[in-house]
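Undergrad: run_18.txt is the file, holding compact mmCIF, C-alpha atoms and all ligand atoms:
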```txt
# COMPACT_ATOMS: atom_id res chain seq x y z
CA MET Y 22 -26.24 -20.07 -8.54
CA LYS Y 23 -26.40 -21.08 -12.21
CA GLU Y 24 -23.12 -22.49 -13.45
CA VAL Y 25 -21.69 -20.55 -16.41
CA ALA Y 26 -20.72 -22.94 -19.21
CA SER Y 27 -17.18 -22.62 -20.51
CA PRO Y 28 -16.82 -21.06 -23.97
CA CYS Y 29 -16.37 -23.06 -27.16
CA ARG Y 30 -12.61 -23.25 -27.77
CA TRP Y 31 -11.80 -22.53 -31.41
CA GLY Y 32 -8.79 -23.50 -33.51
CA ILE Y 33 -8.10 -21.93 -36.89
CA LEU Y 34 -6.43 -23.79 -39.76
CA GLY Y 35 -4.47 -21.21 -41.75
CA ALA Y 36 -3.75 -17.54 -41.11
CA ALA Y 37 -6.17 -16.54 -43.86
CA SER Y 38 -7.30 -13.05 -44.61
CA ILE Y 39 -10.96 -13.85 -43.84
CA ALA Y 40 -9.95 -15.50 -40.55
CA ARG Y 41 -9.31 -12.04 -39.09
CA LYS Y 42 -13.02 -11.29 -39.28
CA ASN Y 43 -14.15 -14.54 -37.71
CA VAL Y 44 -11.52 -14.42 -34.96
CA ARG Y 45 -12.82 -10.98 -34.04
CA ALA Y 46 -16.29 -12.55 -33.95
CA MET Y 47 -14.95 -15.26 -31.60
CA HIS Y 48 -13.82 -12.49 -29.25
CA LEU Y 49 -17.15 -10.68 -29.49
CA ALA Y 50 -19.37 -13.74 -29.00
CA ASP Y 51 -19.86 -14.41 -25.28
CA ASN Y 52 -19.70 -18.22 -25.72
CA ALA Y 53 -16.53 -18.50 -27.85
CA ARG Y 54 -12.79 -18.08 -27.54
CA PRO Y 55 -10.06 -18.39 -30.20
CA VAL Y 56 -7.43 -20.55 -28.51
CA ALA Y 57 -5.17 -21.80 -31.34
CA ILE Y 58 -3.97 -20.91 -34.81
CA ALA Y 59 -1.99 -23.20 -37.14
CA SER Y 60 -0.05 -22.02 -40.15
CA ARG Y 61 2.39 -23.55 -42.59
CA ASN Y 62 4.66 -20.68 -41.57
CA PRO Y 63 5.49 -20.32 -37.84
CA VAL Y 64 6.36 -16.63 -38.17
CA LYS Y 65 2.99 -15.95 -39.77
CA ALA Y 66 1.21 -17.97 -37.06
CA ALA Y 67 2.96 -16.02 -34.28
CA ALA Y 68 2.17 -12.67 -35.90
CA PHE Y 69 -1.48 -13.65 -36.38
CA ALA Y 70 -1.77 -14.89 -32.79
CA GLU Y 71 -0.32 -11.70 -31.39
CA GLU Y 72 -2.26 -9.32 -33.56
CA HIS Y 73 -5.61 -11.08 -33.13
CA GLY Y 74 -5.37 -12.31 -29.55
CA VAL Y 75 -5.13 -16.07 -30.11
CA ASP Y 76 -3.66 -17.97 -27.15
CA ARG Y 77 -1.21 -20.29 -28.90
CA THR Y 78 0.18 -21.43 -32.25
CA HIS Y 79 0.70 -24.82 -33.89
CA ARG Y 80 3.43 -25.58 -36.38
CA ASP Y 81 1.02 -27.38 -38.73
CA TYR Y 82 -2.64 -28.14 -39.16
CA GLU Y 83 -2.35 -31.76 -37.96
CA SER Y 84 -0.85 -30.67 -34.66
CA LEU Y 85 -3.79 -28.31 -34.05
CA LEU Y 86 -6.21 -31.16 -34.67
CA ARG Y 87 -4.45 -33.15 -31.93
CA ASP Y 88 -4.86 -30.28 -29.46
CA PRO Y 89 -7.25 -31.61 -26.76
CA ASP Y 90 -8.19 -28.06 -25.79
CA VAL Y 91 -9.79 -27.32 -29.16
CA ASP Y 92 -13.53 -28.07 -29.52
CA ALA Y 93 -14.21 -26.62 -32.97
CA VAL Y 94 -12.12 -25.72 -35.99
CA TYR Y 95 -12.63 -22.97 -38.51
CA ILE Y 96 -11.28 -23.91 -41.97
CA PRO Y 97 -10.56 -20.92 -44.24
CA LEU Y 98 -8.20 -22.87 -46.53
CA PRO Y 99 -8.35 -22.90 -50.34
CA THR Y 100 -11.35 -24.90 -51.54
CA THR Y 101 -9.42 -27.90 -52.83
CA LEU Y 102 -8.05 -28.50 -49.30
CA HIS Y 103 -11.45 -28.45 -47.60
CA ARG Y 104 -12.18 -32.15 -48.06
CA GLU Y 105 -8.93 -33.42 -46.57
CA TRP Y 106 -8.96 -31.10 -43.55
CA THR Y 107 -12.67 -31.40 -42.80
CA VAL Y 108 -12.47 -35.19 -42.81
CA ARG Y 109 -9.36 -35.15 -40.62
CA ALA Y 110 -10.93 -32.64 -38.22
CA ALA Y 111 -14.09 -34.74 -37.91
CA GLU Y 112 -12.03 -37.88 -37.28
CA ALA Y 113 -10.24 -35.94 -34.53
CA GLY Y 114 -13.65 -35.20 -32.98
CA LYS Y 115 -13.70 -31.48 -33.81
CA HIS Y 116 -16.79 -29.60 -34.96
CA VAL Y 117 -16.21 -27.96 -38.37
CA LEU Y 118 -17.04 -24.49 -39.64
CA CYS Y 119 -15.76 -24.61 -43.22
CA GLU Y 120 -15.48 -21.69 -45.61
CA LYS Y 121 -17.44 -21.59 -48.84
CA PRO Y 122 -17.42 -22.93 -51.44
CA VAL Y 123 -17.57 -26.08 -49.38
CA ALA Y 124 -15.72 -28.26 -51.89
CA ALA Y 125 -14.51 -28.60 -55.46
CA ASN Y 126 -17.53 -30.80 -56.25
CA ALA Y 127 -20.51 -32.53 -54.67
CA THR Y 128 -18.68 -35.85 -54.25
CA ASP Y 129 -16.12 -34.15 -52.00
CA ALA Y 130 -18.86 -32.29 -50.13
CA GLU Y 131 -20.68 -35.57 -49.48
CA ALA Y 132 -17.50 -37.15 -48.07
CA MET Y 133 -17.03 -34.16 -45.73
CA ILE Y 134 -20.61 -34.16 -44.52
CA GLU Y 135 -20.58 -37.93 -44.03
CA ALA Y 136 -17.37 -37.74 -42.00
CA CYS Y 137 -18.93 -35.13 -39.70
CA ARG Y 138 -22.13 -37.16 -39.38
CA ASP Y 139 -20.20 -40.34 -38.54
CA ALA Y 140 -18.15 -38.50 -35.92
CA GLY Y 141 -21.22 -36.82 -34.40
CA VAL Y 142 -19.86 -33.29 -34.97
CA GLN Y 143 -21.49 -30.22 -36.47
CA PHE Y 144 -20.80 -29.19 -40.06
CA MET Y 145 -21.64 -25.70 -41.29
CA ASP Y 146 -20.38 -23.48 -44.08
CA GLY Y 147 -19.25 -19.92 -43.41
CA LEU Y 148 -22.24 -18.13 -44.93
CA MET Y 149 -22.62 -15.26 -42.50
CA PHE Y 150 -25.70 -13.64 -44.04
CA MET Y 151 -27.78 -16.69 -43.13
CA HIS Y 152 -27.33 -15.77 -39.46
CA HIS Y 153 -28.36 -12.13 -39.82
CA GLU Y 154 -31.64 -11.20 -38.19
CA ARG Y 155 -32.56 -9.66 -41.56
CA MET Y 156 -32.92 -13.18 -43.01
CA ARG Y 157 -35.60 -13.96 -40.42
CA ARG Y 158 -37.44 -10.85 -41.60
CA VAL Y 159 -37.14 -11.98 -45.21
CA GLU Y 160 -38.68 -15.33 -44.30
CA SER Y 161 -41.54 -13.73 -42.38
CA MET Y 162 -42.26 -11.24 -45.21
CA LEU Y 163 -42.38 -13.83 -48.02
CA PRO Y 164 -46.18 -14.37 -47.73
CA ARG Y 165 -46.66 -10.65 -48.46
CA LEU Y 166 -45.36 -11.27 -52.00
CA GLY Y 167 -48.39 -13.38 -52.88
CA ALA Y 168 -48.90 -17.10 -53.30
CA GLU Y 169 -45.18 -17.77 -53.37
CA PRO Y 170 -42.06 -16.09 -54.70
CA ASN Y 171 -41.64 -16.99 -58.37
CA LEU Y 172 -38.70 -14.89 -59.50
CA LEU Y 173 -35.39 -14.16 -57.79
CA THR Y 174 -32.61 -12.13 -59.35
CA SER Y 175 -29.27 -11.71 -57.64
CA GLY Y 176 -25.77 -10.56 -58.42
CA PHE Y 177 -22.48 -10.53 -56.56
CA SER Y 178 -19.32 -9.11 -58.06
CA PHE Y 179 -16.12 -7.27 -57.37
CA ARG Y 180 -13.39 -6.18 -59.73
CA GLY Y 181 -10.06 -7.98 -59.54
CA ASP Y 182 -6.96 -6.21 -60.85
CA ALA Y 183 -3.83 -7.74 -62.39
CA ASP Y 184 -2.31 -8.37 -58.96
CA PHE Y 185 -5.49 -10.18 -57.87
CA PHE Y 186 -5.41 -12.57 -60.81
CA GLU Y 187 -1.65 -13.10 -60.39
CA ASN Y 188 -1.36 -13.51 -56.61
CA ASN Y 189 -4.72 -14.22 -54.97
CA ILE Y 190 -5.78 -17.84 -54.42
CA ARG Y 191 -8.82 -17.01 -56.60
CA GLY Y 192 -6.53 -16.81 -59.64
CA ASP Y 193 -5.05 -20.27 -58.99
CA VAL Y 194 -6.98 -23.14 -60.56
CA GLU Y 195 -5.36 -25.68 -58.22
CA ALA Y 196 -6.73 -23.76 -55.22
CA GLU Y 197 -10.06 -22.38 -56.48
CA PRO Y 198 -11.21 -24.24 -59.60
CA LEU Y 199 -14.80 -22.94 -59.30
CA GLY Y 200 -13.74 -19.31 -59.70
CA CYS Y 201 -16.47 -16.71 -59.36
CA VAL Y 202 -19.17 -19.41 -59.21
CA GLY Y 203 -17.77 -20.84 -55.98
CA ASP Y 204 -16.54 -17.58 -54.52
CA LEU Y 205 -19.52 -15.32 -55.29
CA GLY Y 206 -22.28 -17.31 -56.98
CA TRP Y 207 -22.44 -19.53 -53.87
CA TYR Y 208 -24.22 -16.70 -51.98
CA CYS Y 209 -26.78 -16.05 -54.72
CA ILE Y 210 -27.48 -19.77 -55.14
CA ARG Y 211 -27.99 -20.27 -51.41
CA MET Y 212 -30.33 -17.30 -51.24
CA ALA Y 213 -32.36 -18.78 -54.12
CA ILE Y 214 -32.53 -22.21 -52.45
CA GLU Y 215 -33.65 -20.66 -49.16
CA VAL Y 216 -36.32 -18.48 -50.74
CA MET Y 217 -37.64 -21.11 -53.17
CA GLY Y 218 -37.59 -23.71 -50.39
CA GLY Y 219 -35.33 -26.30 -52.01
CA ILE Y 220 -33.14 -27.28 -54.90
CA PRO Y 221 -33.87 -26.30 -58.55
CA GLU Y 222 -34.92 -28.99 -61.03
CA ALA Y 223 -32.56 -27.73 -63.76
CA VAL Y 224 -30.01 -25.05 -64.56
CA ARG Y 225 -28.59 -23.34 -67.62
CA ALA Y 226 -25.37 -21.36 -67.31
CA ARG Y 227 -22.68 -19.66 -69.32
CA HIS Y 228 -19.18 -18.57 -68.45
CA HIS Y 229 -18.68 -15.30 -70.35
CA ARG Y 230 -15.04 -14.82 -69.40
CA MET Y 231 -12.34 -17.22 -68.24
CA HIS Y 232 -8.93 -16.74 -66.61
CA GLY Y 233 -7.26 -19.85 -67.94
CA ALA Y 234 -9.57 -22.63 -66.74
CA ILE Y 235 -11.19 -20.45 -64.04
CA PRO Y 236 -14.59 -18.85 -64.68
CA ILE Y 237 -14.50 -15.15 -63.81
CA HIS Y 238 -17.84 -13.96 -65.19
CA THR Y 239 -20.81 -16.32 -65.17
CA THR Y 240 -24.57 -16.04 -65.49
CA ALA Y 241 -27.04 -18.80 -64.66
CA GLU Y 242 -30.74 -19.48 -64.74
CA LEU Y 243 -32.19 -21.86 -62.15
CA ASP Y 244 -35.61 -23.48 -62.71
CA PHE Y 245 -37.51 -24.39 -59.56
CA PRO Y 246 -40.70 -26.46 -59.63
CA GLY Y 247 -43.92 -24.75 -58.58
CA PRO Y 248 -47.66 -25.49 -58.52
CA ASP Y 249 -48.31 -22.99 -61.33
CA GLY Y 250 -45.30 -23.91 -63.44
CA VAL Y 251 -41.68 -23.09 -63.22
CA ARG Y 252 -40.24 -20.52 -60.84
CA HIS Y 253 -36.91 -18.95 -61.74
CA ALA Y 254 -33.76 -17.53 -60.26
CA MET Y 255 -31.34 -15.60 -62.43
CA ILE Y 256 -27.91 -15.01 -60.99
CA GLN Y 257 -24.74 -13.24 -62.05
CA CYS Y 258 -21.31 -13.49 -60.49
CA SER Y 259 -18.13 -11.86 -61.66
CA PHE Y 260 -14.61 -10.75 -60.78
CA LEU Y 261 -14.89 -8.14 -63.55
CA HIS Y 262 -17.53 -5.72 -62.24
CA PRO Y 263 -17.62 -3.24 -59.36
CA LEU Y 264 -18.77 -4.37 -55.93
CA ARG Y 265 -22.46 -5.32 -56.17
CA GLN Y 266 -24.28 -7.68 -53.86
CA TRP Y 267 -28.01 -7.42 -54.41
CA VAL Y 268 -31.05 -9.62 -54.44
CA GLU Y 269 -34.61 -9.00 -55.55
CA ILE Y 270 -37.32 -11.49 -54.60
CA CYS Y 271 -40.54 -11.16 -56.54
CA GLY Y 272 -44.01 -12.70 -56.22
CA PRO Y 273 -47.39 -11.93 -57.78
CA ASP Y 274 -48.20 -9.21 -55.21
CA GLY Y 275 -44.88 -7.51 -54.59
CA ALA Y 276 -41.14 -7.54 -54.39
CA MET Y 277 -38.41 -7.43 -51.76
CA TRP Y 278 -35.03 -5.91 -52.29
CA MET Y 279 -31.68 -5.93 -50.47
CA GLU Y 280 -28.77 -4.03 -51.92
CA ASP Y 281 -26.12 -5.51 -49.63
CA PHE Y 282 -27.32 -9.00 -48.71
CA VAL Y 283 -23.85 -10.59 -48.39
CA ILE Y 284 -22.04 -8.02 -46.26
CA GLY Y 285 -24.45 -5.47 -44.84
CA SER Y 286 -23.88 -2.68 -42.38
CA PRO Y 287 -23.57 -4.02 -38.81
CA THR Y 288 -25.45 -1.00 -37.48
CA GLU Y 289 -28.30 -0.76 -40.01
CA ALA Y 290 -29.33 -3.54 -42.40
CA VAL Y 291 -32.19 -2.59 -44.69
CA LEU Y 292 -34.85 -4.68 -46.42
CA ARG Y 293 -37.19 -2.89 -48.83
CA LEU Y 294 -40.64 -4.29 -49.46
CA GLU Y 295 -42.76 -2.90 -52.30
CA THR Y 296 -46.41 -3.95 -52.58
CA GLU Y 297 -49.53 -2.57 -54.23
CA SER Y 298 -47.46 -0.30 -56.49
CA ASN Y 299 -48.93 0.51 -59.85
CA LEU Y 300 -49.05 2.78 -62.85
CA THR Y 301 -52.48 4.39 -63.12
CA ASP Y 302 -54.25 7.06 -65.15
CA ARG Y 303 -52.73 5.91 -68.43
CA ASP Y 304 -49.30 5.65 -66.82
CA LEU Y 305 -49.29 9.28 -65.66
CA VAL Y 306 -49.35 8.40 -61.96
CA HIS Y 307 -46.89 6.00 -60.44
CA GLU Y 308 -48.31 4.95 -57.10
CA ARG Y 309 -45.81 3.24 -54.88
CA ARG Y 310 -46.08 1.61 -51.52
CA ILE Y 311 -42.65 0.92 -50.10
CA GLU Y 312 -41.85 -0.27 -46.59
CA ARG Y 313 -38.31 0.09 -45.33
CA ILE Y 314 -37.56 -2.53 -42.71
CA VAL Y 315 -34.43 -1.80 -40.70
CA VAL Y 316 -32.55 -4.25 -38.49
CA GLU Y 317 -30.19 -2.44 -36.15
CA ASP Y 318 -27.01 -3.63 -34.49
CA CYS Y 319 -26.61 -7.15 -35.83
CA VAL Y 320 -23.09 -8.40 -36.58
CA GLN Y 321 -23.79 -11.45 -38.71
CA GLU Y 322 -20.45 -13.20 -38.19
CA VAL Y 323 -20.86 -12.88 -34.42
CA GLU Y 324 -24.31 -14.44 -34.72
CA MET Y 325 -22.84 -17.29 -36.78
CA ILE Y 326 -20.05 -17.97 -34.27
CA ARG Y 327 -22.48 -17.73 -31.36
CA ARG Y 328 -24.89 -20.20 -32.91
CA PHE Y 329 -22.14 -22.64 -33.82
CA SER Y 330 -20.52 -22.36 -30.40
CA ASP Y 331 -23.83 -23.15 -28.70
CA ILE Y 332 -23.97 -26.39 -30.71
CA ALA Y 333 -20.34 -27.27 -29.98
CA ARG Y 334 -20.93 -26.69 -26.25
CA ASN Y 335 -24.01 -28.95 -26.34
CA ASP Y 336 -26.27 -26.03 -25.48
CA ARG Y 337 -28.29 -26.98 -28.54
CA PRO Y 338 -28.45 -30.23 -30.50
CA LEU Y 339 -26.53 -30.78 -33.74
CA GLU Y 340 -28.23 -29.03 -36.68
CA PRO Y 341 -27.94 -31.23 -39.80
CA ARG Y 342 -29.91 -28.75 -41.94
CA TRP Y 343 -26.77 -26.64 -42.44
CA ALA Y 344 -24.99 -29.57 -44.10
CA THR Y 345 -28.07 -30.29 -46.20
CA ARG Y 346 -28.13 -26.71 -47.51
CA SER Y 347 -24.37 -26.79 -48.22
CA HIS Y 348 -24.80 -30.02 -50.17
CA GLU Y 349 -27.70 -28.60 -52.18
CA THR Y 350 -25.71 -25.47 -52.98
CA GLN Y 351 -22.75 -27.57 -54.08
CA ARG Y 352 -24.95 -29.68 -56.36
CA VAL Y 353 -26.24 -26.53 -58.05
CA VAL Y 354 -22.66 -25.28 -58.47
CA ASP Y 355 -21.78 -28.61 -60.10
CA ALA Y 356 -24.74 -28.29 -62.48
CA ILE Y 357 -23.77 -24.71 -63.38
CA MET Y 358 -20.22 -25.80 -64.16
CA ALA Y 359 -21.54 -28.74 -66.23
CA SER Y 360 -23.96 -26.57 -68.18
CA ALA Y 361 -21.40 -23.84 -68.89
CA SER Y 362 -18.88 -26.44 -70.05
CA VAL Y 363 -21.27 -27.46 -72.84
CA GLY Y 364 -22.29 -23.96 -73.89
CA GLY Y 365 -25.35 -23.45 -71.70
CA ALA Y 366 -27.32 -26.67 -72.19
CA ARG Y 367 -30.11 -27.44 -69.72
CA ILE Y 368 -28.76 -29.70 -66.97
CA PRO Y 369 -31.42 -31.44 -64.85
CA ILE Y 370 -30.83 -31.93 -61.13
CA ASP Y 371 -32.30 -34.94 -59.31
CA PRO Y 372 -34.68 -33.90 -56.51
N1 LIG X 401 -17.52 -16.26 -45.75
C1 LIG X 401 -16.95 -15.16 -46.20
O1 LIG X 401 -17.45 -14.04 -45.98
C2 LIG X 401 -15.65 -15.27 -46.94
C3 LIG X 401 -14.96 -14.11 -47.26
C4 LIG X 401 -13.74 -14.23 -47.89
C5 LIG X 401 -13.24 -15.49 -48.23
N2 LIG X 401 -13.94 -16.60 -47.93
C6 LIG X 401 -13.43 -17.93 -48.28
O2 LIG X 401 -12.36 -18.23 -47.38
C7 LIG X 401 -11.33 -18.96 -48.06
C8 LIG X 401 -10.02 -18.21 -47.86
O3 LIG X 401 -10.08 -16.96 -48.48
P1 LIG X 401 -9.01 -15.81 -48.14
O4 LIG X 401 -9.30 -14.67 -49.03
O5 LIG X 401 -9.01 -15.55 -46.68
O6 LIG X 401 -7.66 -16.52 -48.63
P2 LIG X 401 -6.16 -16.38 -48.09
O7 LIG X 401 -5.97 -15.11 -47.36
O8 LIG X 401 -5.28 -16.67 -49.26
O9 LIG X 401 -6.04 -17.57 -47.02
C9 LIG X 401 -5.96 -18.92 -47.35
C10 LIG X 401 -5.03 -19.57 -46.33
O10 LIG X 401 -4.93 -20.95 -46.66
C11 LIG X 401 -3.66 -21.44 -46.24
N3 LIG X 401 -3.12 -22.29 -47.30
C12 LIG X 401 -2.84 -23.60 -47.18
N4 LIG X 401 -2.37 -24.11 -48.33
C13 LIG X 401 -2.36 -23.11 -49.22
C14 LIG X 401 -1.96 -23.03 -50.57
N5 LIG X 401 -1.53 -24.09 -51.24
N6 LIG X 401 -2.06 -21.85 -51.17
C15 LIG X 401 -2.55 -20.76 -50.50
N7 LIG X 401 -2.94 -20.78 -49.22
C16 LIG X 401 -2.83 -21.96 -48.56
C17 LIG X 401 -2.78 -20.23 -45.96
O11 LIG X 401 -2.57 -20.20 -44.54
P3 LIG X 401 -1.14 -20.51 -43.87
O12 LIG X 401 -0.11 -20.08 -44.86
O13 LIG X 401 -1.18 -19.66 -42.67
O14 LIG X 401 -1.09 -21.96 -43.57
C18 LIG X 401 -3.63 -19.02 -46.36
O15 LIG X 401 -3.49 -17.95 -45.48
C19 LIG X 401 -11.78 -19.07 -49.52
O16 LIG X 401 -12.33 -20.36 -49.73
C20 LIG X 401 -12.84 -18.00 -49.67
O17 LIG X 401 -13.82 -18.33 -50.63
C21 LIG X 401 -15.13 -16.50 -47.28
```
Represent the structure of the file as structure tokens.
Ligand SMILES: NC(=O)c1ccc[n+]([C@@H]2O[C@H](COP(=O)([O-])OP(=O)(O)OC[C@H]3O[C@@H](n4cnc5c(N)ncnc54)[C@H](OP(=O)(O)O)[C@@H]3O)[C@@H](O)[C@H]2O)c1
TA:
Amino acid sequence: MKEVASPCRWGILGAASIARKNVRAMHLADNARPVAIASRNPVKAAAFAEEHGVDRTHRDYESLLRDPDVDAVYIPLPTTLHREWTVRAAEAGKHVLCEKPVAANATDAEAMIEACRDAGVQFMDGLMFMHHERMRRVESMLPRLGAEPNLLTSGFSFRGDADFFENNIRGDVEAEPLGCVGDLGWYCIRMAIEVMGGIPEAVRARHHRMHGAIPIHTTAELDFPGPDGVRHAMIQCSFLHPLRQWVEICGPDGAMWMEDFVIGSPTEAVLRLETESNLTDRDLVHERRIERIVVEDCVQEVEMIRRFSDIARNDRPLEPRWATRSHETQRVVDAIMASASVGGARIPIDP
């Protein structure tokens, strides 16, 4: 009889709002189990453990890292704490799933990734959409757009109210100095890097609104190298607009569209592909050919936890490509912040 491997035992650093979603995913994934939660506040830790079915609590983050029954940690702390706790987790021999944005800057991200590499543990950021089956469909459909995709436009926004700017970590420059670029732009940038197959060669960006020193409405243009010249991505991210989370990927022969690429429906995720559409007969006839590709019953955070847990249980080898993509995304974020700080100048990025 085949021996059933024991599940990956997860510890969570901080009773964060987003942790509720990933702890549920740990329950739903057949190879994972949330065993420990640490909080700065023991009452909060106990309440979280009870409500979300976590076996035990720790009085601080360090004590959870010393727990020998924890294989992997999930870090949903404010961004400026990611470096310290990722490095400490790696040194304690724990695999690390760290929330995005990975760090305050690329130097910190490099230190985190290096610590995980040195310790022989997995590093991954918490970008759930990358694990959705819909992304595999996007990859397989790219050739239908023509030679290669040459234009990507994407936006992610939600509207924060006065309470949000006053009380949420996203309104605190000590916690989240990258503002909407780190919180929302991160997704659009990663999508552009995935689709264009690597890092842009330069960016231009502008912060249109600030909350103190925090950008809260930013647009950016990313130039990617291509055989026929420059390929572009144009992204928008904002805490000032309604919820929007779209991406359009365009090539010479067609376009692909997702209206909910960050958080799609778990029962029905749609990808629209439009090819061979045209205006004919002096623009009187609009001929359209649209395919609607539907992926049913995929819970992206469960897929992410399952994949990570397989690695932590040694069912699959370490996957360094996740750290590489995080690092690339962070470098683009750095370039966007640098460009916006000097009024939108072109900032080159080393290959
Ligand atoms: N991947 C996604 O889909 C997704 C979605 C939402 C958010 N996120 C990311 O996840 C991270 C957390 O976001 P969230 O909305 O869940 O935030 P949150 O509810 O404020 O949680 C942050 C947690 O960090 C801990 N913490 C430690 N030091 C802190 C400090 N000085 N100030 C505030 N909190 C501190 C707190 O836990 P204790 O008090 O229990 O120690 C707190 O609960 C952010 O980086 C965000 O960008 C990712």
Undergrad: At a cut-off of 6 Å, can you tabulate as CSV every residue of chain Y near ligand LIG 401 (chain X) together with its closest atom pair and the distance in Å to one decimal, using all atoms listed in the file and ordering rows by chain then number?
TA:
```
residue,atom,partner,partner_atom,distance
Y:Gly35,CA,X:LIG401,O11,3.5
Y:Ala36,CA,X:LIG401,O13,3.7
Y:Ala37,CA,X:LIG401,O9,3.3
Y:Ser38,CA,X:LIG401,O5,3.7
Y:Ile39,CA,X:LIG401,O5,3.8
Y:Ser60,CA,X:LIG401,O14,3.6
Y:Arg61,CA,X:LIG401,O14,3.9
Y:Asn62,CA,X:LIG401,O12,5.8
Y:Pro97,CA,X:LIG401,C7,4.4
Y:Leu98,CA,X:LIG401,O10,3.8
Y:Pro99,CA,X:LIG401,O16,4.8
Y:Thr100,CA,X:LIG401,O16,5.0
Y:Glu120,CA,X:LIG401,O2,5.0
Y:Lys121,CA,X:LIG401,O17,5.2
Y:Pro122,CA,X:LIG401,O17,5.9
Y:Gly147,CA,X:LIG401,N1,4.7
Y:Leu148,CA,X:LIG401,N1,5.1
Y:Ile190,CA,X:LIG401,O8,5.3
Y:Asp204,CA,X:LIG401,O17,4.8
```
Undergrad: Could you write those residues out with C-alpha atoms, as a compact mmCIF listing (two decimals), in the coordinates of the input?
TA:
```txt
# COMPACT_ATOMS: atom_id res chain seq x y z
CA GLY Y 35 -4.47 -21.21 -41.75
CA ALA Y 36 -3.75 -17.54 -41.11
CA ALA Y 37 -6.17 -16.54 -43.86
CA SER Y 38 -7.30 -13.05 -44.61
CA ILE Y 39 -10.96 -13.85 -43.84
CA SER Y 60 -0.05 -22.02 -40.15
CA ARG Y 61 2.39 -23.55 -42.59
CA ASN Y 62 4.66 -20.68 -41.57
CA PRO Y 97 -10.56 -20.92 -44.24
CA LEU Y 98 -8.20 -22.87 -46.53
CA PRO Y 99 -8.35 -22.90 -50.34
CA THR Y 100 -11.35 -24.90 -51.54
CA GLU Y 120 -15.48 -21.69 -45.61
CA LYS Y 121 -17.44 -21.59 -48.84
CA PRO Y 122 -17.42 -22.93 -51.44
CA GLY Y 147 -19.25 -19.92 -43.41
CA LEU Y 148 -22.24 -18.13 -44.93
CA ILE Y 190 -5.78 -17.84 -54.42
CA ASP Y 204 -16.54 -17.58 -54.52
```
Undergrad: Any idea what's packed within 9 Å of Y:Val216, counting all atoms listed in the file, ignoring anything in its chain fewer than 3 positions away? Could you give it as a list in words?
TA: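 Near neighbours after the sequence-gap exclusion: Val159, Glu160, Leu163, Pro170, Leu173, Arg211, Met212, Ala213, Gly219 and Ile270 of chain Y.
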Undergrad: So that I have them on file, write out the residues from the current selection with C-alpha atoms, as a PDB file, keeping the file's coordinate frame.
TA:
```
ATOM      1  CA  VAL Y 159     -37.140 -11.980 -45.210  1.00  0.00           C
ATOM      2  CA  GLU Y 160     -38.680 -15.330 -44.300  1.00  0.00           C
ATOM      3  CA  LEU Y 163     -42.380 -13.830 -48.020  1.00  0.00           C
ATOM      4  CA  PRO Y 170     -42.060 -16.090 -54.700  1.00  0.00           C
ATOM      5  CA  LEU Y 173     -35.390 -14.160 -57.790  1.00  0.00           C
ATOM      6  CA  ARG Y 211     -27.990 -20.270 -51.410  1.00  0.00           C
ATOM      7  CA  MET Y 212     -30.330 -17.300 -51.240  1.00  0.00           C
ATOM      8  CA  ALA Y 213     -32.360 -18.780 -54.120  1.00  0.00           C
ATOM      9  CA  GLY Y 219     -35.330 -26.300 -52.010  1.00  0.00           C
ATOM     10  CA  ILE Y 270     -37.320 -11.490 -54.600  1.00  0.00           C
TER      11      ILE Y 270
END
```
Undergrad: Go through Y:Ala254, Y:Arg104, Y:Ala344, Y:Ala40 one by one, measure the shortest atom-to-atom distance of each to Y:Thr128 using all atoms listed in the file, and give the residue with the smallest value.
TA: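 The closest residue to Y:Thr128 is Y:Arg104.
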Undergrad: How many Å lie between atom CA of Y:Thr174 and atom CA of Y:Ala130, rounded to one decimal?
TA: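 So the two atoms, atom CA of Y:Thr174 and atom CA of Y:Ala130, lie 26.1 Å apart.
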Undergrad: With distances taken over only C-alpha atoms, which of Y:Arg227, Y:Val291, Y:Pro246, Y:Pro273 is nearest to Y:Met358?
TA: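 Distance minimum relative to Y:Met358 lands on Y:Arg227.
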Undergrad: Check the smallest atom-to-atom distance from each of Y:Asn299, Y:Ser259, Y:Gln266, Y:Thr350 to Y:Arg180 using all atoms listed in the file, then report the winner.
TA: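 Checking each candidate against Y:Arg180, we get Y:Ser259 as the closest.
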Undergrad: Quick check, in Å to one decimal: how far apart do atom CA of Y:Asp249 and atom CA of Y:Arg367 lie?
TA: 20.5 Å
Undergrad: Restricting the calculation to only C-alpha atoms: of Y:Gly206, Y:Gly114, Y:Pro248, Y:Gly218, which residue gets closest to Y:Asp92?
TA: Y:Gly114
